[in-house]
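Okay, work_1.pdb is below, PDB, N, CA, C and O atoms:
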MODEL        1
ATOM      1  N   MET Z 122     -59.089  51.320-166.790
ATOM      2  CA  MET Z 122     -59.623  52.665-166.899
ATOM      3  C   MET Z 122     -59.001  53.548-165.825
ATOM      4  O   MET Z 122     -58.949  53.195-164.662
ATOM      5  N   MET Z 123     -58.522  54.712-166.224
ATOM      6  CA  MET Z 123     -57.882  55.628-165.296
ATOM      7  C   MET Z 123     -58.897  56.636-164.771
ATOM      8  O   MET Z 123     -59.670  57.211-165.529
ATOM      9  N   THR Z 124     -58.886  56.847-163.479
ATOM     10  CA  THR Z 124     -59.785  57.801-162.860
ATOM     11  C   THR Z 124     -59.143  59.180-162.875
ATOM     12  O   THR Z 124     -57.982  59.322-162.529
ATOM     13  N   ARG Z 125     -59.897  60.177-163.272
ATOM     14  CA  ARG Z 125     -59.373  61.545-163.296
ATOM     15  C   ARG Z 125     -59.147  62.047-161.885
ATOM     16  O   ARG Z 125     -59.828  61.640-160.951
ATOM     17  N   SER Z 126     -58.217  62.959-161.722
ATOM     18  CA  SER Z 126     -57.875  63.460-160.398
ATOM     19  C   SER Z 126     -58.762  64.617-159.950
ATOM     20  O   SER Z 126     -58.652  65.078-158.827
ATOM     21  N   THR Z 127     -59.635  65.081-160.839
ATOM     22  CA  THR Z 127     -60.561  66.148-160.481
ATOM     23  C   THR Z 127     -62.001  65.710-160.751
ATOM     24  O   THR Z 127     -62.247  64.777-161.503
ATOM     25  N   VAL Z 128     -62.925  66.419-160.124
ATOM     26  CA  VAL Z 128     -64.350  66.131-160.278
ATOM     27  C   VAL Z 128     -65.042  67.418-160.722
ATOM     28  O   VAL Z 128     -64.747  68.499-160.206
ATOM     29  N   THR Z 129     -65.960  67.303-161.652
ATOM     30  CA  THR Z 129     -66.722  68.458-162.122
ATOM     31  C   THR Z 129     -68.110  68.469-161.486
ATOM     32  O   THR Z 129     -68.578  67.467-160.932
ATOM     33  N   LYS Z 130     -68.765  69.615-161.599
ATOM     34  CA  LYS Z 130     -70.130  69.748-161.100
ATOM     35  C   LYS Z 130     -71.053  68.759-161.809
ATOM     36  O   LYS Z 130     -71.899  68.125-161.182
ATOM     37  N   LYS Z 131     -70.860  68.606-163.097
ATOM     38  CA  LYS Z 131     -71.687  67.681-163.888
ATOM     39  C   LYS Z 131     -71.537  66.249-163.374
ATOM     40  O   LYS Z 131     -72.528  65.511-163.276
ATOM     41  N   GLU Z 132     -70.307  65.845-163.050
ATOM     42  CA  GLU Z 132     -70.094  64.494-162.535
ATOM     43  C   GLU Z 132     -70.810  64.286-161.203
ATOM     44  O   GLU Z 132     -71.401  63.224-160.971
ATOM     45  N   LEU Z 133     -70.780  65.292-160.340
ATOM     46  CA  LEU Z 133     -71.493  65.179-159.068
ATOM     47  C   LEU Z 133     -73.003  65.099-159.294
ATOM     48  O   LEU Z 133     -73.694  64.327-158.629
ATOM     49  N   GLU Z 134     -73.503  65.880-160.236
ATOM     50  CA  GLU Z 134     -74.929  65.821-160.559
ATOM     51  C   GLU Z 134     -75.307  64.452-161.113
ATOM     52  O   GLU Z 134     -76.374  63.924-160.795
ATOM     53  N   ASP Z 135     -74.428  63.872-161.924
ATOM     54  CA  ASP Z 135     -74.682  62.541-162.469
ATOM     55  C   ASP Z 135     -74.725  61.482-161.372
ATOM     56  O   ASP Z 135     -75.358  60.437-161.533
ATOM     57  N   LEU Z 136     -74.041  61.749-160.248
ATOM     58  CA  LEU Z 136     -74.059  60.824-159.112
ATOM     59  C   LEU Z 136     -75.305  61.000-158.241
ATOM     60  O   LEU Z 136     -75.512  60.249-157.307
ATOM     61  N   GLY Z 137     -76.118  62.023-158.541
ATOM     62  CA  GLY Z 137     -77.377  62.195-157.826
ATOM     63  C   GLY Z 137     -77.470  63.438-156.965
ATOM     64  O   GLY Z 137     -78.488  63.674-156.318
ATOM     65  N   PHE Z 138     -76.430  64.258-156.937
ATOM     66  CA  PHE Z 138     -76.494  65.492-156.166
ATOM     67  C   PHE Z 138     -77.245  66.547-156.958
ATOM     68  O   PHE Z 138     -77.165  66.603-158.176
ATOM     69  N   LYS Z 139     -77.981  67.386-156.247
ATOM     70  CA  LYS Z 139     -78.683  68.490-156.893
ATOM     71  C   LYS Z 139     -77.651  69.549-157.290
ATOM     72  O   LYS Z 139     -76.556  69.594-156.731
ATOM     73  N   PRO Z 140     -77.986  70.400-158.272
ATOM     74  CA  PRO Z 140     -77.008  71.389-158.756
ATOM     75  C   PRO Z 140     -76.391  72.262-157.657
ATOM     76  O   PRO Z 140     -75.184  72.479-157.648
ATOM     77  N   ASN Z 141     -77.205  72.749-156.745
ATOM     78  CA  ASN Z 141     -76.657  73.584-155.674
ATOM     79  C   ASN Z 141     -75.795  72.781-154.708
ATOM     80  O   ASN Z 141     -74.813  73.298-154.181
ATOM     81  N   GLN Z 142     -76.153  71.525-154.462
ATOM     82  CA  GLN Z 142     -75.324  70.672-153.610
ATOM     83  C   GLN Z 142     -73.973  70.430-154.262
ATOM     84  O   GLN Z 142     -72.939  70.489-153.597
ATOM     85  N   ALA Z 143     -73.988  70.146-155.555
ATOM     86  CA  ALA Z 143     -72.742  69.897-156.289
ATOM     87  C   ALA Z 143     -71.839  71.125-156.243
ATOM     88  O   ALA Z 143     -70.636  71.018-156.000
ATOM     89  N   LYS Z 144     -72.422  72.290-156.438
ATOM     90  CA  LYS Z 144     -71.651  73.530-156.398
ATOM     91  C   LYS Z 144     -71.061  73.750-155.003
ATOM     92  O   LYS Z 144     -69.897  74.146-154.864
ATOM     93  N   ALA Z 145     -71.832  73.483-153.961
ATOM     94  CA  ALA Z 145     -71.356  73.660-152.589
ATOM     95  C   ALA Z 145     -70.224  72.678-152.261
ATOM     96  O   ALA Z 145     -69.255  73.041-151.586
ATOM     97  N   ILE Z 146     -70.336  71.450-152.731
ATOM     98  CA  ILE Z 146     -69.296  70.449-152.503
ATOM     99  C   ILE Z 146     -67.991  70.891-153.153
ATOM    100  O   ILE Z 146     -66.919  70.821-152.534
ATOM    101  N   LEU Z 147     -68.063  71.368-154.390
ATOM    102  CA  LEU Z 147     -66.870  71.850-155.075
ATOM    103  C   LEU Z 147     -66.262  73.035-154.330
ATOM    104  O   LEU Z 147     -65.040  73.119-154.167
ATOM    105  N   HIS Z 148     -67.100  73.939-153.874
ATOM    106  CA  HIS Z 148     -66.618  75.112-153.133
ATOM    107  C   HIS Z 148     -65.898  74.687-151.854
ATOM    108  O   HIS Z 148     -64.806  75.183-151.561
ATOM    109  N   GLN Z 149     -66.495  73.779-151.101
ATOM    110  CA  GLN Z 149     -65.876  73.312-149.858
ATOM    111  C   GLN Z 149     -64.529  72.651-150.125
ATOM    112  O   GLN Z 149     -63.563  72.896-149.400
ATOM    113  N   ALA Z 150     -64.469  71.840-151.147
ATOM    114  CA  ALA Z 150     -63.219  71.144-151.466
ATOM    115  C   ALA Z 150     -62.136  72.145-151.866
ATOM    116  O   ALA Z 150     -60.974  72.010-151.459
ATOM    117  N   ARG Z 151     -62.504  73.140-152.651
ATOM    118  CA  ARG Z 151     -61.526  74.146-153.051
ATOM    119  C   ARG Z 151     -61.052  74.949-151.847
ATOM    120  O   ARG Z 151     -59.876  75.305-151.747
ATOM    121  N   GLN Z 152     -61.944  75.230-150.912
ATOM    122  CA  GLN Z 152     -61.554  75.966-149.710
ATOM    123  C   GLN Z 152     -60.565  75.168-148.865
ATOM    124  O   GLN Z 152     -59.652  75.735-148.268
ATOM    125  N   VAL Z 153     -60.737  73.865-148.801
ATOM    126  CA  VAL Z 153     -59.780  73.010-148.088
ATOM    127  C   VAL Z 153     -58.405  73.145-148.725
ATOM    128  O   VAL Z 153     -57.389  73.281-148.031
ATOM    129  N   MET Z 154     -58.361  73.144-150.042
ATOM    130  CA  MET Z 154     -57.077  73.269-150.737
ATOM    131  C   MET Z 154     -56.444  74.633-150.468
ATOM    132  O   MET Z 154     -55.236  74.732-150.263
ATOM    133  N   VAL Z 155     -57.239  75.694-150.438
ATOM    134  CA  VAL Z 155     -56.712  77.032-150.159
ATOM    135  C   VAL Z 155     -56.131  77.076-148.744
ATOM    136  O   VAL Z 155     -55.045  77.628-148.527
ATOM    137  N   LYS Z 156     -56.827  76.459-147.792
ATOM    138  CA  LYS Z 156     -56.316  76.420-146.418
ATOM    139  C   LYS Z 156     -55.014  75.649-146.314
ATOM    140  O   LYS Z 156     -54.211  75.895-145.416
ATOM    141  N   ARG Z 157     -54.786  74.740-147.241
ATOM    142  CA  ARG Z 157     -53.538  73.974-147.276
ATOM    143  C   ARG Z 157     -52.438  74.711-148.050
ATOM    144  O   ARG Z 157     -51.376  74.161-148.286
ATOM    145  N   GLY Z 158     -52.730  75.938-148.460
ATOM    146  CA  GLY Z 158     -51.724  76.757-149.120
ATOM    147  C   GLY Z 158     -51.711  76.687-150.633
ATOM    148  O   GLY Z 158     -50.825  77.242-151.273
ATOM    149  N   LYS Z 159     -52.662  76.030-151.227
ATOM    150  CA  LYS Z 159     -52.740  75.895-152.687
ATOM    151  C   LYS Z 159     -53.661  76.977-153.237
ATOM    152  O   LYS Z 159     -54.840  76.753-153.504
ATOM    153  N   THR Z 160     -53.135  78.188-153.417
ATOM    154  CA  THR Z 160     -53.959  79.339-153.791
ATOM    155  C   THR Z 160     -54.565  79.233-155.190
ATOM    156  O   THR Z 160     -55.510  79.954-155.493
ATOM    157  N   PHE Z 161     -54.048  78.359-156.025
ATOM    158  CA  PHE Z 161     -54.637  78.143-157.352
ATOM    159  C   PHE Z 161     -56.127  77.853-157.244
ATOM    160  O   PHE Z 161     -56.922  78.281-158.081
ATOM    161  N   TRP Z 162     -56.524  77.131-156.217
ATOM    162  CA  TRP Z 162     -57.909  76.685-156.067
ATOM    163  C   TRP Z 162     -58.849  77.775-155.563
ATOM    164  O   TRP Z 162     -60.046  77.549-155.416
ATOM    165  N   SER Z 163     -58.344  78.997-155.305
ATOM    166  CA  SER Z 163     -59.198  80.072-154.778
ATOM    167  C   SER Z 163     -60.052  80.739-155.851
ATOM    168  O   SER Z 163     -60.914  81.543-155.530
ATOM    169  N   ASN Z 164     -59.844  80.413-157.102
ATOM    170  CA  ASN Z 164     -60.601  81.008-158.203
ATOM    171  C   ASN Z 164     -62.062  80.545-158.150
ATOM    172  O   ASN Z 164     -62.354  79.363-158.334
ATOM    173  N   PRO Z 165     -63.017  81.471-157.933
ATOM    174  CA  PRO Z 165     -64.427  81.071-157.824
ATOM    175  C   PRO Z 165     -65.028  80.560-159.140
ATOM    176  O   PRO Z 165     -66.059  79.893-159.126
ATOM    177  N   ARG Z 166     -64.381  80.862-160.261
ATOM    178  CA  ARG Z 166     -64.894  80.389-161.552
ATOM    179  C   ARG Z 166     -64.422  78.983-161.885
ATOM    180  O   ARG Z 166     -64.862  78.400-162.877
ATOM    181  N   LEU Z 167     -63.551  78.454-161.070
ATOM    182  CA  LEU Z 167     -63.027  77.109-161.297
ATOM    183  C   LEU Z 167     -64.148  76.106-161.014
ATOM    184  O   LEU Z 167     -64.705  76.077-159.928
ATOM    185  N   GLU Z 168     -64.487  75.300-161.990
ATOM    186  CA  GLU Z 168     -65.627  74.391-161.856
ATOM    187  C   GLU Z 168     -65.203  72.944-161.639
ATOM    188  O   GLU Z 168     -65.938  72.017-161.974
ATOM    189  N   VAL Z 169     -64.033  72.752-161.068
ATOM    190  CA  VAL Z 169     -63.544  71.428-160.707
ATOM    191  C   VAL Z 169     -62.920  71.493-159.324
ATOM    192  O   VAL Z 169     -62.614  72.573-158.825
ATOM    193  N   ALA Z 170     -62.760  70.328-158.710
ATOM    194  CA  ALA Z 170     -62.092  70.235-157.415
ATOM    195  C   ALA Z 170     -61.373  68.887-157.353
ATOM    196  O   ALA Z 170     -61.749  67.945-158.065
ATOM    197  N   PRO Z 171     -60.365  68.781-156.512
ATOM    198  CA  PRO Z 171     -59.626  67.527-156.413
ATOM    199  C   PRO Z 171     -60.497  66.378-155.903
ATOM    200  O   PRO Z 171     -61.205  66.508-154.906
ATOM    201  N   ARG Z 172     -60.459  65.269-156.625
ATOM    202  CA  ARG Z 172     -61.249  64.087-156.271
ATOM    203  C   ARG Z 172     -60.923  63.595-154.860
ATOM    204  O   ARG Z 172     -61.807  63.269-154.078
ATOM    205  N   GLY Z 173     -59.648  63.556-154.520
ATOM    206  CA  GLY Z 173     -59.233  63.050-153.209
ATOM    207  C   GLY Z 173     -59.818  63.846-152.059
ATOM    208  O   GLY Z 173     -60.227  63.284-151.044
ATOM    209  N   ILE Z 174     -59.861  65.162-152.202
ATOM    210  CA  ILE Z 174     -60.416  66.011-151.145
ATOM    211  C   ILE Z 174     -61.913  65.762-151.010
ATOM    212  O   ILE Z 174     -62.435  65.645-149.905
ATOM    213  N   ILE Z 175     -62.598  65.676-152.111
ATOM    214  CA  ILE Z 175     -64.042  65.433-152.063
ATOM    215  C   ILE Z 175     -64.334  64.082-151.432
ATOM    216  O   ILE Z 175     -65.215  63.956-150.584
ATOM    217  N   GLU Z 176     -63.581  63.070-151.817
ATOM    218  CA  GLU Z 176     -63.815  61.723-151.288
ATOM    219  C   GLU Z 176     -63.488  61.625-149.802
ATOM    220  O   GLU Z 176     -64.265  61.065-149.027
ATOM    221  N   GLN Z 177     -62.354  62.143-149.393
ATOM    222  CA  GLN Z 177     -61.891  61.958-148.021
ATOM    223  C   GLN Z 177     -62.516  62.933-147.041
ATOM    224  O   GLN Z 177     -63.016  62.534-145.995
ATOM    225  N   VAL Z 178     -62.485  64.213-147.364
ATOM    226  CA  VAL Z 178     -62.868  65.227-146.401
ATOM    227  C   VAL Z 178     -64.351  65.575-146.459
ATOM    228  O   VAL Z 178     -65.021  65.640-145.434
ATOM    229  N   ILE Z 179     -64.868  65.751-147.650
ATOM    230  CA  ILE Z 179     -66.235  66.246-147.784
ATOM    231  C   ILE Z 179     -67.271  65.131-147.645
ATOM    232  O   ILE Z 179     -68.158  65.189-146.798
ATOM    233  N   LEU Z 180     -67.156  64.092-148.465
ATOM    234  CA  LEU Z 180     -68.172  63.040-148.474
ATOM    235  C   LEU Z 180     -67.807  61.844-147.596
ATOM    236  O   LEU Z 180     -68.679  61.207-147.028
ATOM    237  N   GLY Z 181     -66.534  61.503-147.561
ATOM    238  CA  GLY Z 181     -66.099  60.355-146.772
ATOM    239  C   GLY Z 181     -66.307  59.016-147.468
ATOM    240  O   GLY Z 181     -66.160  57.972-146.846
ATOM    241  N   VAL Z 182     -66.659  59.048-148.743
ATOM    242  CA  VAL Z 182     -66.849  57.813-149.514
ATOM    243  C   VAL Z 182     -66.226  57.979-150.895
ATOM    244  O   VAL Z 182     -66.140  59.091-151.411
ATOM    245  N   PRO Z 183     -65.818  56.885-151.532
ATOM    246  CA  PRO Z 183     -65.271  56.977-152.892
ATOM    247  C   PRO Z 183     -66.332  57.416-153.898
ATOM    248  O   PRO Z 183     -67.513  57.128-153.732
ATOM    249  N   LEU Z 184     -65.903  58.104-154.921
ATOM    250  CA  LEU Z 184     -66.826  58.605-155.941
ATOM    251  C   LEU Z 184     -66.863  57.729-157.178
ATOM    252  O   LEU Z 184     -67.111  58.211-158.271
ATOM    253  N   ASP Z 185     -66.631  56.447-157.036
ATOM    254  CA  ASP Z 185     -66.714  55.599-158.220
ATOM    255  C   ASP Z 185     -68.150  55.174-158.422
ATOM    256  O   ASP Z 185     -68.961  55.189-157.522
ATOM    257  N   ASP Z 186     -68.480  54.823-159.647
ATOM    258  CA  ASP Z 186     -69.846  54.393-159.948
ATOM    259  C   ASP Z 186     -69.901  52.892-160.158
ATOM    260  O   ASP Z 186     -70.760  52.388-160.856
ATOM    261  N   LYS Z 187     -68.955  52.184-159.533
ATOM    262  CA  LYS Z 187     -68.982  50.718-159.624
ATOM    263  C   LYS Z 187     -70.037  50.189-158.672
ATOM    264  O   LYS Z 187     -70.354  50.799-157.681
ATOM    265  N   GLY Z 188     -70.516  49.019-158.938
ATOM    266  CA  GLY Z 188     -71.567  48.453-158.106
ATOM    267  C   GLY Z 188     -72.930  48.745-158.695
ATOM    268  O   GLY Z 188     -73.070  49.401-159.711
ATOM    269  N   ASP Z 189     -73.946  48.261-158.028
ATOM    270  CA  ASP Z 189     -75.283  48.486-158.557
ATOM    271  C   ASP Z 189     -75.889  49.769-158.006
ATOM    272  O   ASP Z 189     -75.306  50.445-157.193
ATOM    273  N   LYS Z 190     -77.085  50.086-158.440
ATOM    274  CA  LYS Z 190     -77.750  51.330-158.042
ATOM    275  C   LYS Z 190     -78.205  51.321-156.598
ATOM    276  O   LYS Z 190     -78.564  52.355-156.061
ATOM    277  N   ASN Z 191     -78.175  50.171-155.930
ATOM    278  CA  ASN Z 191     -78.590  50.098-154.521
ATOM    279  C   ASN Z 191     -77.424  50.345-153.571
ATOM    280  O   ASN Z 191     -77.583  50.239-152.374
ATOM    281  N   GLY Z 192     -76.251  50.629-154.118
ATOM    282  CA  GLY Z 192     -75.100  50.898-153.281
ATOM    283  C   GLY Z 192     -74.295  49.672-152.939
ATOM    284  O   GLY Z 192     -73.361  49.732-152.144
ATOM    285  N   ASN Z 193     -74.634  48.525-153.496
ATOM    286  CA  ASN Z 193     -73.884  47.295-153.234
ATOM    287  C   ASN Z 193     -72.779  47.150-154.269
ATOM    288  O   ASN Z 193     -72.936  47.544-155.407
ATOM    289  N   ASN Z 194     -71.674  46.542-153.872
ATOM    290  CA  ASN Z 194     -70.575  46.311-154.820
ATOM    291  C   ASN Z 194     -70.711  44.990-155.506
ATOM    292  O   ASN Z 194     -71.177  44.045-155.114
TER
ENDMDL
END
Could you take the file, read its structure, and then write that structure out as structure tokens?
Amino acid sequence: MMTRSTVTKKELEDLGFKPNQAKAILHQARQVMVKRGKTFWSNPRLEVAPRGIIEQVILGVPLDDKGDKNGNN
């Protein structure tokens, strides 16, 4: 199974984040990309963000849903 390179608000909500938290996470990730010179990500209507940025910079953990619901692999 191939993992997509972007994450949507719905996917973050499915992982347990509240709607406003998911929106804020996407916004922060897009801002990181803009600071890195990728102006494409400055569009406020864009409802996706790069998975790598969210995992590494924002959350610090992988966004896979492998393992059980208690967080164990």
Item checked: Backbone-only DSSP, strand (DSSP E or B) members of chain Z, as a list in words ->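 Strand (DSSP E or B) members of chain Z, listed: Thr127, Val128, Thr129, Val169, Ala170 and Pro171 of chain Z.
For the residues Z:Pro165, Z:Ala170, Z:Val128, Z:Leu136, ranking by smallest atom-to-atom distance to Z:Arg151 using all atoms listed in the file places Z:Ala170 first.
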Each stretch 133-169 of chain Z residue no farther than 8 Å from stretch 174-185 of chain Z, nearest pair in Å, only N, CA, C and O atoms, as JSON lines:
{"residue": "Z:Leu136", "atom": "CA", "partner": "Z:Leu184", "partner_atom": "O", "distance": 7.5}
{"residue": "Z:Ile146", "atom": "O", "partner": "Z:Ile175", "partner_atom": "CA", "distance": 6.1}
{"residue": "Z:Leu147", "atom": "N", "partner": "Z:Ile175", "partner_atom": "CA", "distance": 7.5}
{"residue": "Z:Gln149", "atom": "C", "partner": "Z:Ile179", "partner_atom": "CA", "distance": 7.0}
{"residue": "Z:Ala150", "atom": "CA", "partner": "Z:Ile175", "partner_atom": "N", "distance": 5.5}
{"residue": "Z:Arg151", "atom": "N", "partner": "Z:Ile175", "partner_atom": "N", "distance": 7.5}
{"residue": "Z:Val153", "atom": "CA", "partner": "Z:Ile174", "partner_atom": "CA", "distance": 7.7}
{"residue": "Z:Met154", "atom": "N", "partner": "Z:Ile174", "partner_atom": "CA", "distance": 7.5}
As AutoDock Vina command-line options, what would the box around stretch 154-173 of chain Z look like: edges along x, y and z, 6 Å added on every side, centre and edge lengths in Å to one decimal?
--center_x -58.4 --center_y 72.3 --center_z -154.1 --size_x 27.2 --size_y 30.5 --size_z 29.5
Item checked: 8 Å contact set for Z:Lys130, only C-alpha atoms, chain neighbours under 4 positions out, as a list in words ->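 So, after excluding close chain neighbours, the residues are Glu134, Pro140, Ala143, Lys144, Leu147, Glu168 and Val169 of chain Z.
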Include N, CA, C and O atoms and write out the residues we just selected as an mmCIF file, keeping the file's coordinate frame.
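Saved result, result.cif, follows:
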data_model
loop_
_atom_site.group_PDB
_atom_site.id
_atom_site.type_symbol
_atom_site.label_atom_id
_atom_site.label_comp_id
_atom_site.auth_asym_id
_atom_site.auth_seq_id
_atom_site.Cartn_x
_atom_site.Cartn_y
_atom_site.Cartn_z
ATOM 1 N N GLU Z 134 -73.503 65.880 -160.236
ATOM 2 C CA GLU Z 134 -74.929 65.821 -160.559
ATOM 3 C C GLU Z 134 -75.307 64.452 -161.113
ATOM 4 O O GLU Z 134 -76.374 63.924 -160.795
ATOM 5 N N PRO Z 140 -77.986 70.400 -158.272
ATOM 6 C CA PRO Z 140 -77.008 71.389 -158.756
ATOM 7 C C PRO Z 140 -76.391 72.262 -157.657
ATOM 8 O O PRO Z 140 -75.184 72.479 -157.648
ATOM 9 N N ALA Z 143 -73.988 70.146 -155.555
ATOM 10 C CA ALA Z 143 -72.742 69.897 -156.289
ATOM 11 C C ALA Z 143 -71.839 71.125 -156.243
ATOM 12 O O ALA Z 143 -70.636 71.018 -156.000
ATOM 13 N N LYS Z 144 -72.422 72.290 -156.438
ATOM 14 C CA LYS Z 144 -71.651 73.530 -156.398
ATOM 15 C C LYS Z 144 -71.061 73.750 -155.003
ATOM 16 O O LYS Z 144 -69.897 74.146 -154.864
ATOM 17 N N LEU Z 147 -68.063 71.368 -154.390
ATOM 18 C CA LEU Z 147 -66.870 71.850 -155.075
ATOM 19 C C LEU Z 147 -66.262 73.035 -154.330
ATOM 20 O O LEU Z 147 -65.040 73.119 -154.167
ATOM 21 N N GLU Z 168 -64.487 75.300 -161.990
ATOM 22 C CA GLU Z 168 -65.627 74.391 -161.856
ATOM 23 C C GLU Z 168 -65.203 72.944 -161.639
ATOM 24 O O GLU Z 168 -65.938 72.017 -161.974
ATOM 25 N N VAL Z 169 -64.033 72.752 -161.068
ATOM 26 C CA VAL Z 169 -63.544 71.428 -160.707
ATOM 27 C C VAL Z 169 -62.920 71.493 -159.324
ATOM 28 O O VAL Z 169 -62.614 72.573 -158.825
#
Notebook entry, point to check: Any idea what the distance is between atom CA of Z:Asp135 and atom CA of Z:Asn164?
Noted result: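 About the pair atom CA of Z:Asp135 and atom CA of Z:Asn164: they are 23.6 Å apart.
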Check: In Å, how far is it from atom CA of Z:Lys156 to atom CA of Z:Lys139?
Finding: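 Rounded to one decimal, the two atoms are 25.9 Å apart.
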Checklist line | For atom CA of Z:Thr160 and atom CA of Z:Gln142, the interatomic separation in Å (one decimal) | finding: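 The value is 23.1 Å.
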Next item on the list: Take the point (-59.3, 63.8, -161.9) in the file's coordinates, draw a sphere of radius 8 Å around it, and report as number ranges by chain every protein, DNA or RNA residue with an atom inside or on it, counting all atoms listed in the file.
Entry: Z: 123-129, 170-173
